[in-house]
$ cat protein.pdb   # PDB, C-alpha atoms
MODEL        1
ATOM      1  CA  MET F   1     -23.912 -56.124   9.960
ATOM      2  CA  LYS F   2     -27.096 -54.036  10.037
ATOM      3  CA  SER F   3     -26.646 -52.946  13.663
ATOM      4  CA  SER F   4     -22.984 -52.030  13.335
ATOM      5  CA  ALA F   5     -21.997 -48.365  13.463
ATOM      6  CA  TYR F   6     -19.301 -49.057  10.931
ATOM      7  CA  LYS F   7     -20.247 -47.742   7.512
ATOM      8  CA  THR F   8     -17.958 -49.754   5.270
ATOM      9  CA  VAL F   9     -18.086 -53.449   4.530
ATOM     10  CA  VAL F  10     -15.099 -55.259   3.027
ATOM     11  CA  LEU F  11     -15.599 -58.621   1.358
ATOM     12  CA  LEU F  12     -12.371 -60.523   0.992
ATOM     13  CA  SER F  13     -11.882 -62.785  -1.994
ATOM     14  CA  GLY F  14      -9.171 -65.309  -2.755
ATOM     15  CA  GLY F  15      -8.344 -68.979  -2.537
ATOM     16  CA  SER F  16      -7.349 -70.904   0.541
ATOM     17  CA  ALA F  17      -4.008 -69.817   2.081
ATOM     18  CA  SER F  18      -3.663 -66.926  -0.358
ATOM     19  CA  GLY F  19      -2.806 -64.484   2.442
ATOM     20  CA  LYS F  20      -6.201 -62.867   3.098
ATOM     21  CA  THR F  21      -6.158 -63.014   6.890
ATOM     22  CA  GLU F  22      -2.561 -61.816   6.872
ATOM     23  CA  PHE F  23      -3.570 -58.884   4.672
ATOM     24  CA  VAL F  24      -6.336 -57.968   7.108
ATOM     25  CA  SER F  25      -4.019 -58.246  10.091
ATOM     26  CA  GLU F  26      -1.553 -55.830   8.539
ATOM     27  CA  TYR F  27      -3.558 -53.333   6.524
ATOM     28  CA  LEU F  28      -7.181 -53.344   7.713
ATOM     29  CA  VAL F  29      -7.274 -54.381  11.331
ATOM     30  CA  ASN F  30      -7.306 -50.939  12.961
ATOM     31  CA  GLN F  31      -9.902 -49.422  10.669
ATOM     32  CA  ASP F  32     -13.627 -49.031  11.285
ATOM     33  CA  LEU F  33     -14.688 -51.763   8.896
ATOM     34  CA  ILE F  34     -16.931 -54.796   8.829
ATOM     35  CA  ILE F  35     -14.761 -57.484   7.262
ATOM     36  CA  PHE F  36     -15.914 -60.773   5.771
ATOM     37  CA  ASP F  37     -12.786 -62.897   5.724
ATOM     38  CA  GLY F  38     -13.750 -65.692   3.344
ATOM     39  CA  THR F  39     -12.879 -66.933  -0.116
ATOM     40  CA  LEU F  40     -15.999 -65.428  -1.749
ATOM     41  CA  PRO F  41     -16.550 -68.596  -3.771
ATOM     42  CA  SER F  42     -19.773 -67.741  -5.579
ATOM     43  CA  PHE F  43     -21.417 -64.835  -7.315
ATOM     44  CA  GLU F  44     -24.744 -65.653  -5.653
ATOM     45  CA  GLY F  45     -23.243 -65.526  -2.156
ATOM     46  CA  ALA F  46     -21.445 -62.297  -2.933
ATOM     47  CA  LYS F  47     -24.618 -60.751  -4.337
ATOM     48  CA  ILE F  48     -26.544 -61.536  -1.146
ATOM     49  CA  LYS F  49     -23.876 -59.827   0.949
ATOM     50  CA  ILE F  50     -23.620 -56.850  -1.404
ATOM     51  CA  ASP F  51     -27.399 -56.350  -1.536
ATOM     52  CA  PHE F  52     -27.730 -56.699   2.239
ATOM     53  CA  ALA F  53     -24.976 -54.178   2.867
ATOM     54  CA  LYS F  54     -26.440 -51.697   0.403
ATOM     55  CA  LYS F  55     -29.923 -52.135   1.871
ATOM     56  CA  HIS F  56     -28.549 -51.109   5.256
ATOM     57  CA  GLY F  57     -26.758 -48.076   3.897
ATOM     58  CA  LYS F  58     -23.269 -49.482   4.006
ATOM     59  CA  ASN F  59     -20.506 -48.786   1.546
ATOM     60  CA  ILE F  60     -19.147 -52.020   0.242
ATOM     61  CA  ARG F  61     -15.905 -52.945  -1.429
ATOM     62  CA  ILE F  62     -14.179 -56.165  -2.407
ATOM     63  CA  SER F  63     -10.515 -56.840  -1.777
ATOM     64  CA  ALA F  64      -9.141 -59.808  -3.690
ATOM     65  CA  ILE F  65      -5.873 -61.376  -2.614
ATOM     66  CA  TRP F  66      -3.958 -63.262  -5.273
ATOM     67  CA  PRO F  67      -0.608 -64.944  -4.793
ATOM     68  CA  ASP F  68       1.915 -64.403  -7.595
ATOM     69  CA  ASP F  69       3.081 -67.960  -7.113
ATOM     70  CA  ILE F  70       0.335 -70.470  -6.424
ATOM     71  CA  LYS F  71       2.956 -72.876  -5.066
ATOM     72  CA  VAL F  72       3.611 -70.536  -2.139
ATOM     73  CA  ALA F  73      -0.068 -70.588  -1.212
ATOM     74  CA  PHE F  74      -0.088 -74.361  -1.681
ATOM     75  CA  ALA F  75       2.913 -74.705   0.652
ATOM     76  CA  ALA F  76       1.075 -72.697   3.333
ATOM     77  CA  PHE F  77      -2.081 -74.738   2.737
ATOM     78  CA  LEU F  78      -0.229 -78.039   3.190
ATOM     79  CA  SER F  79       1.246 -76.838   6.478
ATOM     80  CA  ARG F  80      -1.846 -75.235   7.959
ATOM     81  CA  ASP F  81      -5.017 -76.659   6.519
ATOM     82  CA  ARG F  82      -4.377 -80.308   7.252
ATOM     83  CA  LYS F  83      -8.014 -81.229   7.627
ATOM     84  CA  TYR F  84      -8.899 -80.308   4.039
ATOM     85  CA  PRO F  85      -8.066 -82.376   0.949
ATOM     86  CA  ASP F  86      -5.984 -80.585  -1.689
ATOM     87  CA  GLU F  87      -9.062 -80.501  -3.904
ATOM     88  CA  TYR F  88     -10.407 -77.831  -1.550
ATOM     89  CA  PHE F  89      -7.357 -75.684  -2.284
ATOM     90  CA  TYR F  90      -7.858 -75.927  -6.048
ATOM     91  CA  LYS F  91     -11.590 -75.329  -5.803
ATOM     92  CA  THR F  92     -11.337 -72.192  -3.686
ATOM     93  CA  HIS F  93      -8.766 -70.624  -6.014
ATOM     94  CA  ILE F  94     -10.784 -71.448  -9.124
ATOM     95  CA  ASP F  95     -14.147 -70.427  -7.678
ATOM     96  CA  SER F  96     -13.021 -67.167  -6.099
ATOM     97  CA  ARG F  97     -11.575 -65.900  -9.377
ATOM     98  CA  GLN F  98     -14.640 -66.994 -11.315
ATOM     99  CA  ALA F  99     -16.961 -65.297  -8.815
ATOM    100  CA  LEU F 100     -14.934 -62.108  -8.979
ATOM    101  CA  LEU F 101     -15.272 -62.030 -12.759
ATOM    102  CA  GLU F 102     -19.022 -62.601 -12.513
ATOM    103  CA  ILE F 103     -19.348 -59.776  -9.977
ATOM    104  CA  VAL F 104     -17.564 -57.354 -12.289
ATOM    105  CA  LEU F 105     -19.670 -58.464 -15.242
ATOM    106  CA  SER F 106     -22.888 -58.007 -13.304
ATOM    107  CA  LYS F 107     -24.678 -54.699 -12.940
ATOM    108  CA  ASN F 108     -24.951 -55.014  -9.182
ATOM    109  CA  THR F 109     -21.323 -54.542  -8.447
ATOM    110  CA  ALA F 110     -19.025 -53.167  -5.791
ATOM    111  CA  PRO F 111     -15.597 -51.587  -6.184
ATOM    112  CA  ILE F 112     -12.949 -54.266  -6.500
ATOM    113  CA  THR F 113      -9.266 -54.001  -5.713
ATOM    114  CA  ILE F 114      -6.846 -56.809  -6.430
ATOM    115  CA  TYR F 115      -3.811 -57.173  -4.209
ATOM    116  CA  ARG F 116      -1.109 -59.529  -5.361
ATOM    117  CA  ASN F 117       1.435 -60.920  -2.963
ATOM    118  CA  PHE F 118       4.853 -62.424  -3.394
ATOM    119  CA  PHE F 119       7.193 -64.284  -1.128
ATOM    120  CA  ASP F 120      10.950 -63.893  -0.914
ATOM    121  CA  GLN F 121      13.704 -64.212   1.670
ATOM    122  CA  SER F 122      12.372 -61.201   3.540
ATOM    123  CA  GLY F 123       8.890 -62.702   3.840
ATOM    124  CA  ILE F 124       5.649 -61.717   2.195
ATOM    125  CA  SER F 125       4.878 -58.416   0.422
ATOM    126  CA  TYR F 126       1.694 -57.083  -1.134
ATOM    127  CA  ARG F 127       1.082 -54.761  -4.034
ATOM    128  CA  GLU F 128      -2.114 -53.055  -5.110
ATOM    129  CA  MET F 129      -3.203 -53.384  -8.721
ATOM    130  CA  SER F 130      -5.006 -50.453 -10.327
ATOM    131  CA  PHE F 131      -6.898 -50.556 -13.601
ATOM    132  CA  GLN F 132      -7.685 -47.681 -15.913
ATOM    133  CA  ASN F 133     -11.287 -48.719 -16.315
ATOM    134  CA  ARG F 134     -13.764 -51.540 -15.859
ATOM    135  CA  LYS F 135     -12.891 -53.059 -19.221
ATOM    136  CA  SER F 136      -9.214 -53.428 -18.352
ATOM    137  CA  LEU F 137     -10.208 -55.048 -15.047
ATOM    138  CA  ILE F 138     -12.493 -57.457 -16.904
ATOM    139  CA  ASP F 139      -9.708 -58.278 -19.378
ATOM    140  CA  TYR F 140      -7.333 -58.935 -16.504
ATOM    141  CA  LEU F 141      -9.820 -61.176 -14.717
ATOM    142  CA  GLN F 142     -10.670 -63.072 -17.883
ATOM    143  CA  THR F 143      -7.036 -63.807 -18.648
ATOM    144  CA  ASN F 144      -6.282 -64.838 -15.061
ATOM    145  CA  GLN F 145      -8.868 -67.558 -14.513
ATOM    146  CA  TYR F 146      -7.704 -70.971 -13.354
ATOM    147  CA  THR F 147      -8.733 -74.475 -14.256
ATOM    148  CA  GLN F 148      -8.077 -77.444 -12.004
ATOM    149  CA  ARG F 149      -5.848 -78.955 -14.696
ATOM    150  CA  GLU F 150      -3.671 -75.840 -14.811
ATOM    151  CA  LEU F 151      -3.318 -75.791 -11.054
ATOM    152  CA  LEU F 152      -2.535 -79.490 -10.889
ATOM    153  CA  ASP F 153       0.077 -79.127 -13.634
ATOM    154  CA  THR F 154       1.678 -76.191 -11.833
ATOM    155  CA  ILE F 155       1.816 -78.118  -8.594
ATOM    156  CA  ALA F 156       3.022 -81.274 -10.378
ATOM    157  CA  ASN F 157       5.984 -79.389 -11.829
ATOM    158  CA  ILE F 158       6.783 -78.656  -8.290
ATOM    159  CA  ASN F 159      10.490 -78.001  -8.557
ATOM    160  CA  ASP F 160      10.388 -76.008 -11.784
TER     161      ASP F 160
ATOM    162  CA  MET V   1      -2.658 -51.331 -15.215
ATOM    163  CA  THR V   2      -0.404 -49.943 -12.528
ATOM    164  CA  GLU V   3       0.981 -51.514  -9.381
ATOM    165  CA  LYS V   4       1.782 -49.963  -6.032
ATOM    166  CA  LEU V   5       3.906 -51.802  -3.507
ATOM    167  CA  LEU V   6       2.393 -51.629  -0.029
ATOM    168  CA  PRO V   7       4.575 -51.073   3.040
ATOM    169  CA  LYS V   8       6.240 -54.277   4.145
ATOM    170  CA  PRO V   9       4.286 -56.047   6.927
ATOM    171  CA  SER V  10       5.548 -55.348  10.414
ATOM    172  CA  PRO V  11       8.127 -57.864  11.667
ATOM    173  CA  ASN V  12       5.999 -58.134  14.832
ATOM    174  CA  ASN V  13       2.833 -59.191  13.017
ATOM    175  CA  LYS V  14       2.184 -62.658  14.473
ATOM    176  CA  THR V  15      -0.377 -63.618  11.832
ATOM    177  CA  VAL V  16       2.015 -62.797   9.010
ATOM    178  CA  ASN V  17       4.911 -64.493  10.773
ATOM    179  CA  GLU V  18       2.864 -67.680  11.227
ATOM    180  CA  TYR V  19       2.021 -67.605   7.522
ATOM    181  CA  VAL V  20       5.682 -67.198   6.602
ATOM    182  CA  ARG V  21       6.598 -70.137   8.839
ATOM    183  CA  ALA V  22       3.839 -72.228   7.237
ATOM    184  CA  VAL V  23       5.131 -71.390   3.755
ATOM    185  CA  GLU V  24       8.716 -72.196   4.715
ATOM    186  CA  HIS V  25       7.639 -75.509   6.246
ATOM    187  CA  GLY V  26       5.476 -76.373   3.241
ATOM    188  CA  LEU V  27       8.279 -75.591   0.803
ATOM    189  CA  LYS V  28      10.409 -78.281   2.461
ATOM    190  CA  ALA V  29       7.764 -80.983   1.947
ATOM    191  CA  GLN V  30       8.767 -84.038  -0.051
ATOM    192  CA  HIS V  31       6.322 -84.874  -2.827
ATOM    193  CA  VAL V  32       6.337 -88.365  -4.286
ATOM    194  CA  MET V  33       4.933 -88.153  -7.778
ATOM    195  CA  ALA V  34       4.342 -90.412 -10.717
ATOM    196  CA  PHE V  35       6.822 -89.923 -13.524
ATOM    197  CA  PRO V  36       7.265 -91.666 -16.871
ATOM    198  CA  GLY V  37       9.013 -94.916 -16.002
ATOM    199  CA  GLY V  38       8.608 -94.666 -12.248
ATOM    200  CA  TRP V  39       8.323 -92.271  -9.334
ATOM    201  CA  VAL V  40      10.221 -89.139  -8.376
ATOM    202  CA  ILE V  41      10.578 -87.042  -5.241
ATOM    203  CA  ARG V  42      10.074 -83.339  -5.683
ATOM    204  CA  THR V  43      10.213 -80.287  -3.465
ATOM    205  CA  MET V  44       8.901 -76.821  -4.154
ATOM    206  CA  GLY V  45      11.334 -73.998  -4.750
ATOM    207  CA  ARG V  46      14.270 -76.190  -5.649
ATOM    208  CA  VAL V  47      15.395 -76.817  -9.184
ATOM    209  CA  GLY V  48      17.371 -79.946  -9.864
ATOM    210  CA  ALA V  49      17.474 -83.313 -11.521
ATOM    211  CA  SER V  50      15.241 -85.933  -9.988
ATOM    212  CA  GLN V  51      16.214 -89.525  -9.353
ATOM    213  CA  VAL V  52      13.625 -91.871 -10.817
ATOM    214  CA  PHE V  53      12.597 -94.743  -8.551
ATOM    215  CA  SER V  54      11.163 -97.920 -10.023
ATOM    216  CA  THR V  55       8.448 -98.252  -7.419
ATOM    217  CA  GLU V  56       6.356 -95.947  -5.308
ATOM    218  CA  LYS V  57       7.510 -97.832  -2.222
ATOM    219  CA  GLU V  58      11.178 -97.047  -2.914
ATOM    220  CA  ALA V  59      10.387 -93.404  -3.556
ATOM    221  CA  VAL V  60       8.352 -93.114  -0.357
ATOM    222  CA  ALA V  61      11.134 -94.718   1.691
ATOM    223  CA  GLU V  62      13.673 -92.229   0.339
ATOM    224  CA  ALA V  63      11.261 -89.309   0.757
ATOM    225  CA  LYS V  64      10.722 -90.278   4.412
ATOM    226  CA  LYS V  65      14.483 -90.325   4.937
ATOM    227  CA  ARG V  66      14.882 -86.846   3.419
ATOM    228  CA  ALA V  67      11.862 -85.512   5.304
ATOM    229  CA  THR V  68      13.229 -86.698   8.639
ATOM    230  CA  THR V  69      16.453 -84.800   8.021
ATOM    231  CA  LYS V  70      14.597 -81.626   7.080
ATOM    232  CA  GLY V  71      11.742 -81.864   9.573
ATOM    233  CA  ALA V  72       9.330 -81.954   6.642
ATOM    234  CA  ASP V  73       6.172 -83.797   5.621
ATOM    235  CA  VAL V  74       5.804 -86.370   2.843
ATOM    236  CA  PHE V  75       2.935 -86.268   0.357
ATOM    237  CA  VAL V  76       2.201 -89.016  -2.123
ATOM    238  CA  HIS V  77       0.397 -87.865  -5.253
ATOM    239  CA  GLY V  78      -1.736 -90.045  -7.472
ATOM    240  CA  ARG V  79      -1.319 -90.206 -11.217
ATOM    241  CA  ASP V  80      -3.935 -87.458 -11.519
ATOM    242  CA  GLY V  81      -1.642 -85.123  -9.560
ATOM    243  CA  LYS V  82      -3.863 -84.910  -6.479
ATOM    244  CA  ILE V  83      -2.538 -85.798  -3.054
ATOM    245  CA  ARG V  84      -3.410 -89.384  -2.217
ATOM    246  CA  LYS V  85      -1.626 -89.774   1.080
ATOM    247  CA  ARG V  86       0.065 -87.637   3.713
ATOM    248  CA  ILE V  87       2.799 -89.384   5.677
TER     249      ILE V  87
ENDMDL
END

$ encode --input "protein.pdb" --output "structure tokens"
Amino acid sequence: MKSSAYKTVVLLSGGSASGKTEFVSEYLVNQDLIIFDGTLPSFEGAKIKIDFAKKHGKNIRISAIWPDDIKVAFAAFLSRDRKYPDEYFYKTHIDSRQALLEIVLSKNTAPITIYRNFFDQSGISYREMSFQNRKSLIDYLQTNQYTQRELLDTIANIND
Amino acid sequence: MTEKLLPKPSPNNKTVNEYVRAVEHGLKAQHVMAFPGGWVIRTMGRVGASQVFSTEKEAVAEAKKRATTKGADVFVHGRDGKIRKRI
């Protein structure tokens, strides 16, 4: 990162199979960016990346990818990520949202944009969420945290 | 809070197309799940009444039959909801 001529670092955030790589391939791939395509599962890990980027004079931003329907992401996960147990799916979705909230609540933050995606007969679409201020973003993040029980119940009611 | 719809991904985007195929395949999967009084087979994205099987074995056999027709996978969930077995 420190030797790159690119000035902007993008940290992706979002659970397994939420559509992060697909987002990059469509909307970020031809831009001069350093992209970390991971789930961003912990505040500590994010802080290290943010501090390192800032230390080397980079602009840093976080792009979170959230599926409207967790079952769609789960369907993709079951098809693609065969080597991981489903627990991994739940954990990455829970942890990435928790870490995002902790980043916003911390003083050492970076601009965050949430992109939600939805799936219909024409495929996948993304929309960008904008918040009036930090407080409304915090409220949104606080009311959109997951627990493993909630995710399991959603998946269990699989044909609802 | 406001929302802005981004331009639809290009139909030639291979990464997106692979994701869409993965979703479509995953939505066809047959999930054998514990249910009060027995076991049921469920699929994502389809609403309908579920037949209740007395035993897990019966449910798995039927799920395999349906999966073969659809070219889908079968997942057996434990009583805690987590996937116990992939068939």

$ interface_residues --input "protein.pdb" --of "chain F" --to "chain V" --cutoff "8 Å" --atoms "all atoms listed in the file" --output "JSON list (two decimals) with C-alpha atoms, keeping the file's coordinate frame"
[["chain", "number", "residue", "atom", "x", "y", "z"],
["F", 19, "GLY", "CA", -2.81, -64.48, 2.44],
["F", 21, "THR", "CA", -6.16, -63.01, 6.89],
["F", 22, "GLU", "CA", -2.56, -61.82, 6.87],
["F", 25, "SER", "CA", -4.02, -58.25, 10.09],
["F", 26, "GLU", "CA", -1.55, -55.83, 8.54],
["F", 71, "LYS", "CA", 2.96, -72.88, -5.07],
["F", 72, "VAL", "CA", 3.61, -70.54, -2.14],
["F", 73, "ALA", "CA", -0.07, -70.59, -1.21],
["F", 74, "PHE", "CA", -0.09, -74.36, -1.68],
["F", 75, "ALA", "CA", 2.91, -74.70, 0.65],
["F", 76, "ALA", "CA", 1.08, -72.70, 3.33],
["F", 77, "PHE", "CA", -2.08, -74.74, 2.74],
["F", 78, "LEU", "CA", -0.23, -78.04, 3.19],
["F", 79, "SER", "CA", 1.25, -76.84, 6.48],
["F", 80, "ARG", "CA", -1.85, -75.24, 7.96],
["F", 85, "PRO", "CA", -8.07, -82.38, 0.95],
["F", 86, "ASP", "CA", -5.98, -80.58, -1.69],
["F", 87, "GLU", "CA", -9.06, -80.50, -3.90],
["F", 123, "GLY", "CA", 8.89, -62.70, 3.84],
["F", 124, "ILE", "CA", 5.65, -61.72, 2.19],
["F", 125, "SER", "CA", 4.88, -58.42, 0.42],
["F", 126, "TYR", "CA", 1.69, -57.08, -1.13],
["F", 127, "ARG", "CA", 1.08, -54.76, -4.03],
["F", 128, "GLU", "CA", -2.11, -53.06, -5.11],
["F", 129, "MET", "CA", -3.20, -53.38, -8.72],
["F", 130, "SER", "CA", -5.01, -50.45, -10.33],
["F", 131, "PHE", "CA", -6.90, -50.56, -13.60],
["F", 132, "GLN", "CA", -7.68, -47.68, -15.91],
["F", 136, "SER", "CA", -9.21, -53.43, -18.35],
["F", 152, "LEU", "CA", -2.54, -79.49, -10.89],
["F", 153, "ASP", "CA", 0.08, -79.13, -13.63],
["F", 155, "ILE", "CA", 1.82, -78.12, -8.59],
["F", 156, "ALA", "CA", 3.02, -81.27, -10.38],
["F", 158, "ILE", "CA", 6.78, -78.66, -8.29],
["F", 159, "ASN", "CA", 10.49, -78.00, -8.56],
["F", 160, "ASP", "CA", 10.39, -76.01, -11.78]]

$ atom_distance --input "protein.pdb" --atom1 "atom CA of F:Lys91" --atom2 "atom CA of F:Thr147"
9.0 Å

$ atom_distance --input "protein.pdb" --atom1 "atom CA of F:Asp68" --atom2 "atom CA of F:Phe118"
5.5 Å

$ residues_around --input "protein.pdb" --residues "F:Phe89" --least-positions-apart "3" --cutoff "7 Å" --atoms "only C-alpha atoms" --output "list in words"
Gly15, Ser16, Asp86, Thr92 and His93 of chain F

$ write_last_selection --input "protein.pdb" --atoms "C-alpha atoms" --output "short mmCIF file (atom, residue, chain, number, x, y, z; two decimals), keeping the file's coordinate frame"
data_model
loop_
_atom_site.label_atom_id
_atom_site.label_comp_id
_atom_site.auth_asym_id
_atom_site.auth_seq_id
_atom_site.Cartn_x
_atom_site.Cartn_y
_atom_site.Cartn_z
CA GLY F 15 -8.34 -68.98 -2.54
CA SER F 16 -7.35 -70.90 0.54
CA ASP F 86 -5.98 -80.58 -1.69
CA THR F 92 -11.34 -72.19 -3.69
CA HIS F 93 -8.77 -70.62 -6.01
#

$ atom_distance --input "protein.pdb" --atom1 "atom CA of V:Lys70" --atom2 "atom CA of V:Gly37"
27.2 Å

$ resolve_selection --input "protein.pdb" --expression "the PyMOL selection byres ((chain F and resi 111) around 9)" --output "number ranges by chain"
F: 60-63, 104, 109-110, 112-113

$ resolve_selection --input "protein.pdb" --expression "the PyMOL selection byres ((chain F and resi 10) around 12)" --output "number ranges by chain"
F: 1, 6-9, 11-13, 20, 24, 28-29, 31-38, 40, 46, 49-50, 53, 58-64, 110-113

$ axis_aligned_box --input "protein.pdb" --around "stretch 122-134 of chain F" --padding-each-side "4 Å" --output "lines of an AutoDock Vina configuration file"
center_x = -0.7
center_y = -55.2
center_z = -6.2
size_x = 34.1
size_y = 23.0
size_z = 28.2

$ residues_around --input "protein.pdb" --residues "F:Thr143" --least-positions-apart "6" --cutoff "12 Å" --atoms "only C-alpha atoms" --output "PyMOL selection string"
chain F and resi 97-98+101+136-137
